[in-house]
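Trainee: Mind looking over this structure? Questions follow.
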Amino acid sequence: MTELVFSISLHELCQCEEFTEQVIVEVVDHGIAQPVAGHDVADWVFDTTSVHWLRKAVRLHSDLEIDWVAVAMVIDLLRKNEALEKQNRHFEQQLRRFRES
Amino acid sequence: MEFKDYYKILGVPPDADTKAIKTAYRKLARKYHPDMNPDAGAEDKFKEVAEAYEVLKDAGRRAEYDELRQYGGASRAGSGFEPPPGWQSSSGFSRAGGGHFEGDFSDFFNSIFGGAGGEHRSQRSGLRGQDAEIEMPIFLEETVSETSKLVEYLIPVFENGQLREVKKSLKVKIPPGVQDGERIRLKGQGGPGQGAADSGDLYLHIRLVPHPLFDVEGHNLVVTVPLAPWEAALGAKVTVPTLSGKINLTIAPNSQAGQRLRIKGKGLSTKTGRGDLFALLKVVMPPSANSKVTALWQSLSEEADFDPRAQWGNEG
């Protein structure tokens with residue numbers, strides 16, 4: 001059986017091709033992702049879901065040539081959009097259950 | 001191999017200056033970036049645009065490309081292209097971290113600028129393997145039982161400079177309390193690292209499969225319970241399904257449609273226990289009535305002092 005993990009350390013993240021410590025500090029400074037544990041940068045731990053957003057942020061920063069403030073805004077809107085789409089699917093489903101007899 | 005007209009791809013004339021190229025790229029990148037545009041085909045379009053920009057934004061690469069274009073590439077577009085014999089790029093290419101998607105540049109690009117994909121990787125040998133992410137559909141029942149799921153996925157593997165996909169399979173125990181949209185990491189189950197480097201990780205993107213009876217609200221579940229009008233009026237005992245067997249639920253007299261009754265501990269698993277199940281009441285009219293039933297409705301309408309549209313005031 002394989003080990004399932006819900007977190008990833010800064011050190012582990014920095015082994016991925018697209019991340020450097022500097023980039024991750026920028027992303028955290030702009031509120032795009034928050035460490036779930038660790039006071040000092042070297043001890044930072046992230047939850048595994050935020051890796052997805054970290055990757056998106058790095059791609060948008062580099063591919064669209066936009067600064068981190070703009071990336072933070074885009075990520076914030078993308079997250080809100082995803083949450084609203086999910087809520088919308090939920091309400092539509094509830095409405096369908098209420099309508100059908 | 002097809003000749004790629006990078007100017008056409010960016011929609012700029014061949015004499016466009018760097019600023020115009022940058023503007024055209026940014027406009028198209030915003031439109032087709034797969035993180036912003038979920039449409040099928042957007043990613044391929046973006047890759048094409050990014051490749052064109054990679055060449056045209058750099059004076060050295062652009063000059064080399066223009067030379068090849070002159071050499072006859074543009075006029076033979078679509079009819080096959082080979083670089084001139086002995087062609088060697090002097091500007092070369094190495095990608096500096098971040099951005100783009102894996103395996104992105106075309107054969108055409110690689111034939112001119114020295115196989116950025118392969119060379120790039122071998123230059124950085126000793127690199128950690130790539131992470132992989134797959135969607136993992138889970139039935140609600142599976143989140144409350146101790147089940148294992150077989151996961152099958154493809155990972156890209158580099159062998160002798162060739163990229164090929166290898167099928168892997170794993171048994172994964174569903175952890176209690178997983179939520180829709182969550183990503184779980186399986187250490188070292190992604191692409192193999194080069195040399196002594198670690199393998200990448202596998203991320204499982206949890207998707208809860210829509211259930212025919214239950215809706216999910218966080219760790220709670222909602223089940224819609226249809227009631228006859230007299231059950232809502234007089235109260236009733238109804239059998240309600242849960243994820244694990246059925247339970248009896250008491251409906252109080254004078255219940256309303258839309259009312260939610262809480263059944264403690266029958267929701268989804270959480271890290272510390274179980275969420276709740278909510279029974280959402282819905283009043284359903286019988287499809288048709290015989291004359292006796294119609295007479296009963298008639299006498300009820302005469303007896304009951306009830307205006308359901310009272311809140312509309314006089315306009316109702």
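Following the order of the structure tokens, first chain is A, next is B, and so on, with residues numbered from 1 inside each chain and ligands from 1 in the order they appear.
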For chain A, report every residue with an atom at most 9 Å from chain B (counting only C-alpha atoms), formatted as JSON, numbers by chain.
Mentor: {"A": [1, 2, 3, 4, 5, 6, 7, 8, 15, 16, 17, 18, 19, 20, 47, 48, 49, 50, 51, 52, 55, 56, 58, 59, 60, 61, 62, 63, 64, 65, 74, 78, 90, 93, 94, 97, 98, 101]}
Trainee: For Trp53 (chain A), list every protein, DNA or RNA residue within 9 Å, evaluated using only C-alpha atoms, and leave out those in the same chain fewer than 5 positions away; present the list as a CSV table (one decimal) with N, CA and C atoms, in the first residue's frame.
Mentor:
```csv
chain,number,residue,atom,x,y,z
A,32,ILE,N,-1.0,34.2,-2.5
A,32,ILE,CA,-1.5,33.2,-3.4
A,32,ILE,C,-1.6,31.8,-2.7
A,33,ALA,N,-0.7,31.5,-1.9
A,33,ALA,CA,-0.7,30.3,-1.1
A,33,ALA,C,-0.2,30.6,0.3
A,58,VAL,N,2.8,30.1,-11.0
A,58,VAL,CA,4.1,30.2,-11.6
A,58,VAL,C,4.0,30.2,-13.2
A,75,ILE,N,-5.5,34.5,-9.7
A,75,ILE,CA,-5.7,33.2,-9.0
A,75,ILE,C,-6.9,33.4,-8.0
A,79,ARG,N,-10.1,31.0,-8.3
A,79,ARG,CA,-10.6,30.2,-7.1
A,79,ARG,C,-12.0,30.5,-6.8
```
Trainee: Any idea what the distance is between CA of Asn220 (chain B) and CA of Gln87 (chain A)?
Mentor: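 If I compute the distance from CA of Asn220 (chain B) to CA of Gln87 (chain A), I get 14.4 Å.
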Trainee: Using DSSP on the backbone coordinates, identify the residues of region 6-75 of chain A assigned to strand (DSSP E or B); present them as a ChimeraX atom specification.
Mentor: /A:7-9,37,45-47
Trainee: Record the distance separating CA of Asp66 (chain B) and CA of Pro14 (chain B), expressed in Å with one decimal.
Mentor: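 Separating CA of Asp66 (chain B) from CA of Pro14 (chain B) is a distance of 8.6 Å.
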Trainee: Would you mind writing down, as a ChimeraX atom specification, each residue of region 189-310 of chain B that DSSP on the backbone assigns to helix (DSSP H, G or I)?
Mentor: /B:229-234,291-303,310
Trainee: If you keep N, CA and C atoms, can you produce a file of those selected residues as an mmCIF file, in the first residue's frame?
Mentor:
```
data_model
loop_
_atom_site.group_PDB
_atom_site.id
_atom_site.type_symbol
_atom_site.label_atom_id
_atom_site.label_comp_id
_atom_site.auth_asym_id
_atom_site.auth_seq_id
_atom_site.Cartn_x
_atom_site.Cartn_y
_atom_site.Cartn_z
ATOM 1 N N PRO B 229 -49.255 15.509 1.008
ATOM 2 C CA PRO B 229 -49.709 16.696 1.760
ATOM 3 C C PRO B 229 -50.208 16.331 3.150
ATOM 4 N N TRP B 230 -50.919 15.184 3.275
ATOM 5 C CA TRP B 230 -51.456 14.808 4.595
ATOM 6 C C TRP B 230 -50.351 14.326 5.540
ATOM 7 N N GLU B 231 -49.249 13.797 4.976
ATOM 8 C CA GLU B 231 -48.122 13.423 5.849
ATOM 9 C C GLU B 231 -47.494 14.676 6.461
ATOM 10 N N ALA B 232 -47.363 15.714 5.615
ATOM 11 C CA ALA B 232 -46.806 16.971 6.119
ATOM 12 C C ALA B 232 -47.743 17.578 7.153
ATOM 13 N N ALA B 233 -49.069 17.442 6.930
ATOM 14 C CA ALA B 233 -50.049 18.061 7.824
ATOM 15 C C ALA B 233 -50.189 17.287 9.132
ATOM 16 N N LEU B 234 -50.248 15.972 9.023
ATOM 17 C CA LEU B 234 -50.577 15.165 10.203
ATOM 18 C C LEU B 234 -49.354 14.586 10.899
ATOM 19 N N SER B 291 -63.305 10.802 -7.548
ATOM 20 C CA SER B 291 -64.337 11.757 -7.126
ATOM 21 C C SER B 291 -64.425 11.855 -5.598
ATOM 22 N N LYS B 292 -64.174 10.730 -4.919
ATOM 23 C CA LYS B 292 -64.275 10.747 -3.457
ATOM 24 C C LYS B 292 -63.174 11.629 -2.863
ATOM 25 N N VAL B 293 -61.960 11.463 -3.422
ATOM 26 C CA VAL B 293 -60.826 12.259 -2.914
ATOM 27 C C VAL B 293 -61.049 13.739 -3.236
ATOM 28 N N THR B 294 -61.566 13.996 -4.447
ATOM 29 C CA THR B 294 -61.845 15.388 -4.819
ATOM 30 C C THR B 294 -62.835 16.021 -3.848
ATOM 31 N N ALA B 295 -63.835 15.245 -3.446
ATOM 32 C CA ALA B 295 -64.833 15.759 -2.491
ATOM 33 C C ALA B 295 -64.162 16.086 -1.159
ATOM 34 N N LEU B 296 -63.188 15.254 -0.757
ATOM 35 C CA LEU B 296 -62.473 15.512 0.499
ATOM 36 C C LEU B 296 -61.646 16.797 0.424
ATOM 37 N N TRP B 297 -60.972 16.983 -0.729
ATOM 38 C CA TRP B 297 -60.214 18.227 -0.936
ATOM 39 C C TRP B 297 -61.169 19.417 -0.868
ATOM 40 N N GLN B 298 -62.334 19.223 -1.462
ATOM 41 C CA GLN B 298 -63.337 20.291 -1.507
ATOM 42 C C GLN B 298 -63.754 20.703 -0.094
ATOM 43 N N SER B 299 -64.037 19.700 0.730
ATOM 44 C CA SER B 299 -64.477 20.051 2.090
ATOM 45 C C SER B 299 -63.319 20.658 2.885
ATOM 46 N N LEU B 300 -62.070 20.206 2.583
ATOM 47 C CA LEU B 300 -60.906 20.780 3.266
ATOM 48 C C LEU B 300 -60.764 22.252 2.899
ATOM 49 N N SER B 301 -60.972 22.561 1.617
ATOM 50 C CA SER B 301 -60.803 23.949 1.171
ATOM 51 C C SER B 301 -61.856 24.847 1.818
ATOM 52 N N GLU B 302 -63.020 24.242 2.104
ATOM 53 C CA GLU B 302 -64.060 25.056 2.735
ATOM 54 C C GLU B 302 -63.773 25.239 4.229
ATOM 55 N N GLU B 303 -63.190 24.219 4.844
ATOM 56 C CA GLU B 303 -62.912 24.243 6.284
ATOM 57 C C GLU B 303 -61.687 25.076 6.636
ATOM 58 N N ALA B 310 -51.014 35.242 0.934
ATOM 59 C CA ALA B 310 -51.338 36.385 1.792
ATOM 60 C C ALA B 310 -50.251 37.457 1.723
#
```
Trainee: Identify, on the basis of only C-alpha atoms, every residue whose closest approach to Ser145 (chain B) does not exceed 12 Å; exclude the query and any residue fewer than 3 positions from it along the same chain; express the result as a list of chain:residue names.
Mentor: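 Within the cut-off, the hits are B:Ile138, B:Phe139, B:Leu140, B:Glu141, B:Glu142, B:Ser148, B:Lys149, B:Lys173, B:Ile174, B:Pro175, B:Pro176, B:Gly177, B:Leu243, B:Ser244, B:Leu268, B:Ser269, B:Arg274.
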Trainee: Find the residues near Met1 (chain B): any atom within 8 Å, counting only C-alpha atoms, skip ones fewer than 3 places away on the same chain, and give them as a ChimeraX atom specification.
Mentor: /B:80-82,107-108
Trainee: Which distance in Å separates CA of Ala196 (chain B) and CA of Val157 (chain B), to one decimal?
Mentor: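 Between these atoms lies a distance of 15.0 Å.
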